[in-house]
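Worksheet for the structure shown next.
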Amino acid sequence: MIKRKQDFRYIYGPVASWRLGASLGIDPLSNKEKVCTLDCVYCQLGKTLVYPYRRRTYVSTEAIIEELKALPEVQLDYITFSGRGEPTLAENLGQAIKAVKEIRPEPVAVLTNSSLMIRPGVREALAGADLVVAKLDAYSSICFEKINYPQPGIEFDLMIEGIKQFKVNSNTRLALQIMFIEENKNHPEEFWPLLDYIQPDEVQINTPLRRSPVPPLSPEEIFQIKKCFSIYNEFLPEERKIKLVSVYDVKPREVISISDENTLKRRGKYKND
């Protein structure tokens, strides 16, 4: 039996993503409140009220798979773990990724804020995905504190090391997503040493186009930032060149969502992903 739109609790969309095409979301947290390790100034989900101090299972893998099996026929480019907070807080993330890949042909992506990637168990879980999009909005500890407001125990240098270790020890494609706002827009070249160290496959240049307490940068400002990264790319050997994409580069195609409007709003999907 095909479920009605409002019956799906853990899957949502698909949303028209500028990065991933038609992306069906999976929320492995599915909490009424956002559950996160950061309190980013631009977050479309609002303030972080629940700061967890350990990973746990919020939604069973069986419940996620049950909903996926009831999914009506829909054209997808990616199945993406995201949702109301930081998905790596779900202790069963790796198990859920594996289970999804056993029943669905689409590649699996995970959108993470990178804060827990220093933990070997988190890196092992993420390695099961086809693509990991790791947030990196800051180029220094001071910038990290100003933009991302981490919970106690989350340190910038350890976060960078966790991303690096994932890149070195995994075959999963790694993209860095950088959200540019007023606080970091004037220093894109400060990210160059981090790119040298991490060596990502892709850099996604973003700015808050969804409902947010922080205004987005203009297309002209984002163009100049992308130009800065293009200059960096020119110094790299061919085999190390990084794919660059910005939120203003691609107009997402229209998709038909299985989710009702309230479900999408709870997960911050006011505009294109």
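For the structure tokens, the naming scheme is as follows: chains receive sequential letters (A, B, ...) according to their order of presentation, residues are indexed from 1 within each chain, and ligands are indexed from 1 in presentation order.
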Contact check, stretch 116-204 of chain A to stretch 219-235 of chain A, at most 9 Å, counting only C-alpha atoms, closest pairs as JSON lines:
{"residue": "A:Phe180", "atom": "CA", "partner": "A:Ile222", "partner_atom": "CA", "distance": 8.0}
{"residue": "A:Lys185", "atom": "CA", "partner": "A:Ile225", "partner_atom": "CA", "distance": 7.4}
{"residue": "A:Asn186", "atom": "CA", "partner": "A:Ile225", "partner_atom": "CA", "distance": 8.3}
{"residue": "A:His187", "atom": "CA", "partner": "A:Ile225", "partner_atom": "CA", "distance": 8.7}
{"residue": "A:Pro188", "atom": "CA", "partner": "A:Ile225", "partner_atom": "CA", "distance": 6.2}
{"residue": "A:Glu189", "atom": "CA", "partner": "A:Cys228", "partner_atom": "CA", "distance": 6.7}
{"residue": "A:Phe191", "atom": "CA", "partner": "A:Phe229", "partner_atom": "CA", "distance": 8.8}
{"residue": "A:Trp192", "atom": "CA", "partner": "A:Tyr232", "partner_atom": "CA", "distance": 7.0}
{"residue": "A:Val203", "atom": "CA", "partner": "A:Phe229", "partner_atom": "CA", "distance": 8.7}
Write out as number ranges by chain each polymer residue whose atoms come within 6 Å of stretch 31-44 of chain A, counting only C-alpha atoms; drop sequence neighbours fewer than 3 positions from it.
A: 48, 50-51, 84-86, 147-151, 211-214, 268
Compare A:Phe156, A:Phe166, A:Tyr197, A:Phe144 by their minimum atom-to-atom distance to A:Gly128, counting only C-alpha atoms, and give me the closest one.
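Selected residue with least distance to A:Gly128: A:Phe166.
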Assign secondary structure with DSSP using the backbone only, and return the residues of stretch 130-268 of chain A in alpha helix (DSSP H) as a PyMOL selection string.
chain A and resi 141-148+156-169+192-198+219-234+261-266
Would you mind exporting C-alpha atoms of the selected residues as an mmCIF file, in the first residue's frame?
data_model
loop_
_atom_site.group_PDB
_atom_site.id
_atom_site.type_symbol
_atom_site.label_atom_id
_atom_site.label_comp_id
_atom_site.auth_asym_id
_atom_site.auth_seq_id
_atom_site.Cartn_x
_atom_site.Cartn_y
_atom_site.Cartn_z
ATOM 1 C CA SER A 141 39.344 28.566 15.458
ATOM 2 C CA ILE A 142 38.235 32.172 15.978
ATOM 3 C CA CYS A 143 36.167 32.132 12.788
ATOM 4 C CA PHE A 144 34.706 28.743 13.803
ATOM 5 C CA GLU A 145 33.513 30.165 17.132
ATOM 6 C CA LYS A 146 31.940 33.205 15.465
ATOM 7 C CA ILE A 147 30.030 31.325 12.755
ATOM 8 C CA ASN A 148 29.358 27.830 14.075
ATOM 9 C CA PHE A 156 38.391 23.285 15.104
ATOM 10 C CA ASP A 157 41.802 21.606 14.726
ATOM 11 C CA LEU A 158 40.372 18.186 15.621
ATOM 12 C CA MET A 159 37.543 18.679 13.143
ATOM 13 C CA ILE A 160 40.041 19.420 10.355
ATOM 14 C CA GLU A 161 42.074 16.353 11.303
ATOM 15 C CA GLY A 162 38.941 14.195 11.231
ATOM 16 C CA ILE A 163 38.073 15.358 7.709
ATOM 17 C CA LYS A 164 41.652 14.727 6.590
ATOM 18 C CA GLN A 165 41.724 11.229 8.049
ATOM 19 C CA PHE A 166 38.463 10.409 6.302
ATOM 20 C CA LYS A 167 39.870 11.552 2.957
ATOM 21 C CA VAL A 168 43.071 9.550 3.411
ATOM 22 C CA ASN A 169 41.450 6.320 4.555
ATOM 23 C CA TRP A 192 43.718 27.543 0.642
ATOM 24 C CA PRO A 193 45.996 25.934 3.275
ATOM 25 C CA LEU A 194 43.057 23.794 4.457
ATOM 26 C CA LEU A 195 42.414 22.651 0.902
ATOM 27 C CA ASP A 196 46.115 21.796 0.578
ATOM 28 C CA TYR A 197 45.886 19.673 3.712
ATOM 29 C CA ILE A 198 42.537 17.942 3.140
ATOM 30 C CA PRO A 219 25.594 36.414 -7.034
ATOM 31 C CA GLU A 220 28.413 38.904 -7.726
ATOM 32 C CA GLU A 221 30.005 38.293 -4.329
ATOM 33 C CA ILE A 222 29.774 34.515 -4.743
ATOM 34 C CA PHE A 223 31.253 34.836 -8.236
ATOM 35 C CA GLN A 224 34.304 36.624 -6.824
ATOM 36 C CA ILE A 225 34.719 33.955 -4.142
ATOM 37 C CA LYS A 226 34.513 31.184 -6.721
ATOM 38 C CA LYS A 227 37.066 33.065 -8.823
ATOM 39 C CA CYS A 228 39.435 32.993 -5.842
ATOM 40 C CA PHE A 229 39.094 29.217 -5.601
ATOM 41 C CA SER A 230 39.599 28.918 -9.356
ATOM 42 C CA ILE A 231 42.929 30.711 -8.991
ATOM 43 C CA TYR A 232 43.905 28.189 -6.310
ATOM 44 C CA ASN A 233 42.928 25.388 -8.670
ATOM 45 C CA GLU A 234 45.276 26.703 -11.351
ATOM 46 C CA GLU A 261 4.533 21.200 3.300
ATOM 47 C CA ASN A 262 4.855 20.953 7.086
ATOM 48 C CA THR A 263 7.240 17.983 6.839
ATOM 49 C CA LEU A 264 9.516 19.932 4.515
ATOM 50 C CA LYS A 265 9.409 23.063 6.697
ATOM 51 C CA ARG A 266 10.359 21.091 9.813
#
Produce a table with one row for each residue of stretch 9-98 of chain A that has an atom at most 10 Å from any atom of stretch 131-136 of chain A, each row naming the nearest atom pair and its distance in Å at one decimal; use only C-alpha atoms; arrange rows by chain and rising residue number; format as a Markdown table.
| residue | atom | partner | partner_atom | distance |
| --- | --- | --- | --- | --- |
| A:Arg19 | CA | A:Val133 | CA | 9.7 |
| A:Leu20 | CA | A:Leu131 | CA | 9.9 |
| A:Tyr78 | CA | A:Leu131 | CA | 9.5 |
| A:Thr80 | CA | A:Leu131 | CA | 9.2 |
| A:Phe81 | CA | A:Val132 | CA | 9.7 |
Please report the interatomic distance between atom CA of A:Ser115 and atom CA of A:Ile154 in Å with one decimal.
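Spanning atom CA of A:Ser115 to atom CA of A:Ile154 is a straight-line distance of 6.4 Å.
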May I have all residues of stretch 25-272 of chain A that DSSP, computed from the backbone, assigns to strand (DSSP E), given as a count of residues only?
32
Nearest candidate to A:Ile258 (options A:Val110, A:Leu76, A:Arg56, A:Pro28; using only C-alpha atoms)
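So, comparing all the options, the nearest one is A:Leu76.
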Leaving out A:Arg55 and any residue of its chain fewer than 5 positions from it, which residues lie within 10 Å of it when counting only C-alpha atoms, given as a PyMOL selection string?
chain A and resi 87-92+116+122
Residues of the last selection are to be written out with C-alpha atoms, as a PDB file, in the first residue's frame.
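out27.pdb, freshly written:
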ATOM      1  CA  PRO A  87      23.095  12.928  11.138  1.00  0.00           C
ATOM      2  CA  THR A  88      26.341  11.419  12.462  1.00  0.00           C
ATOM      3  CA  LEU A  89      24.796  11.639  15.939  1.00  0.00           C
ATOM      4  CA  ALA A  90      22.731   8.608  14.870  1.00  0.00           C
ATOM      5  CA  GLU A  91      24.678   5.618  16.163  1.00  0.00           C
ATOM      6  CA  ASN A  92      23.114   3.364  13.513  1.00  0.00           C
ATOM      7  CA  LEU A 116      32.357  14.350  14.891  1.00  0.00           C
ATOM      8  CA  VAL A 122      31.865   8.136  12.620  1.00  0.00           C
TER       9      VAL A 122
END
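Going from atom CA of A:Glu66 over to atom CA of A:Leu29, you cover 15.9 Å.
Across A:Ile11, A:Leu174, A:Met117, A:Met179, the tightest approach to A:Val100 is made by A:Ile11 when counting only C-alpha atoms.
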Mind pulling up the distance from atom CA of A:Ile26 to atom CA of A:Tyr12?
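Going from atom CA of A:Tyr12 over to atom CA of A:Ile26 covers 6.5 Å.
Residue nearest A:Gly83 within the list A:Ala70, A:Ala96, A:Leu49, A:Leu24: A:Leu24 [criterion: smallest interatomic distance, only C-alpha atoms].
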Using only C-alpha atoms, find the one residue out of A:Asp249, A:Asp201, A:Pro152, A:Pro215 that sits nearest to A:Glu182.
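Of A:Asp249, A:Asp201, A:Pro152, A:Pro215, the one nearest A:Glu182 is A:Pro215, counting only C-alpha atoms.
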Nearest to A:Gly121 by atom-to-atom distance, counting only C-alpha atoms, from A:Val108, A:Gln95, A:Lys101, A:Asn184:
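Under the stated criterion, the closest residue is A:Gln95.
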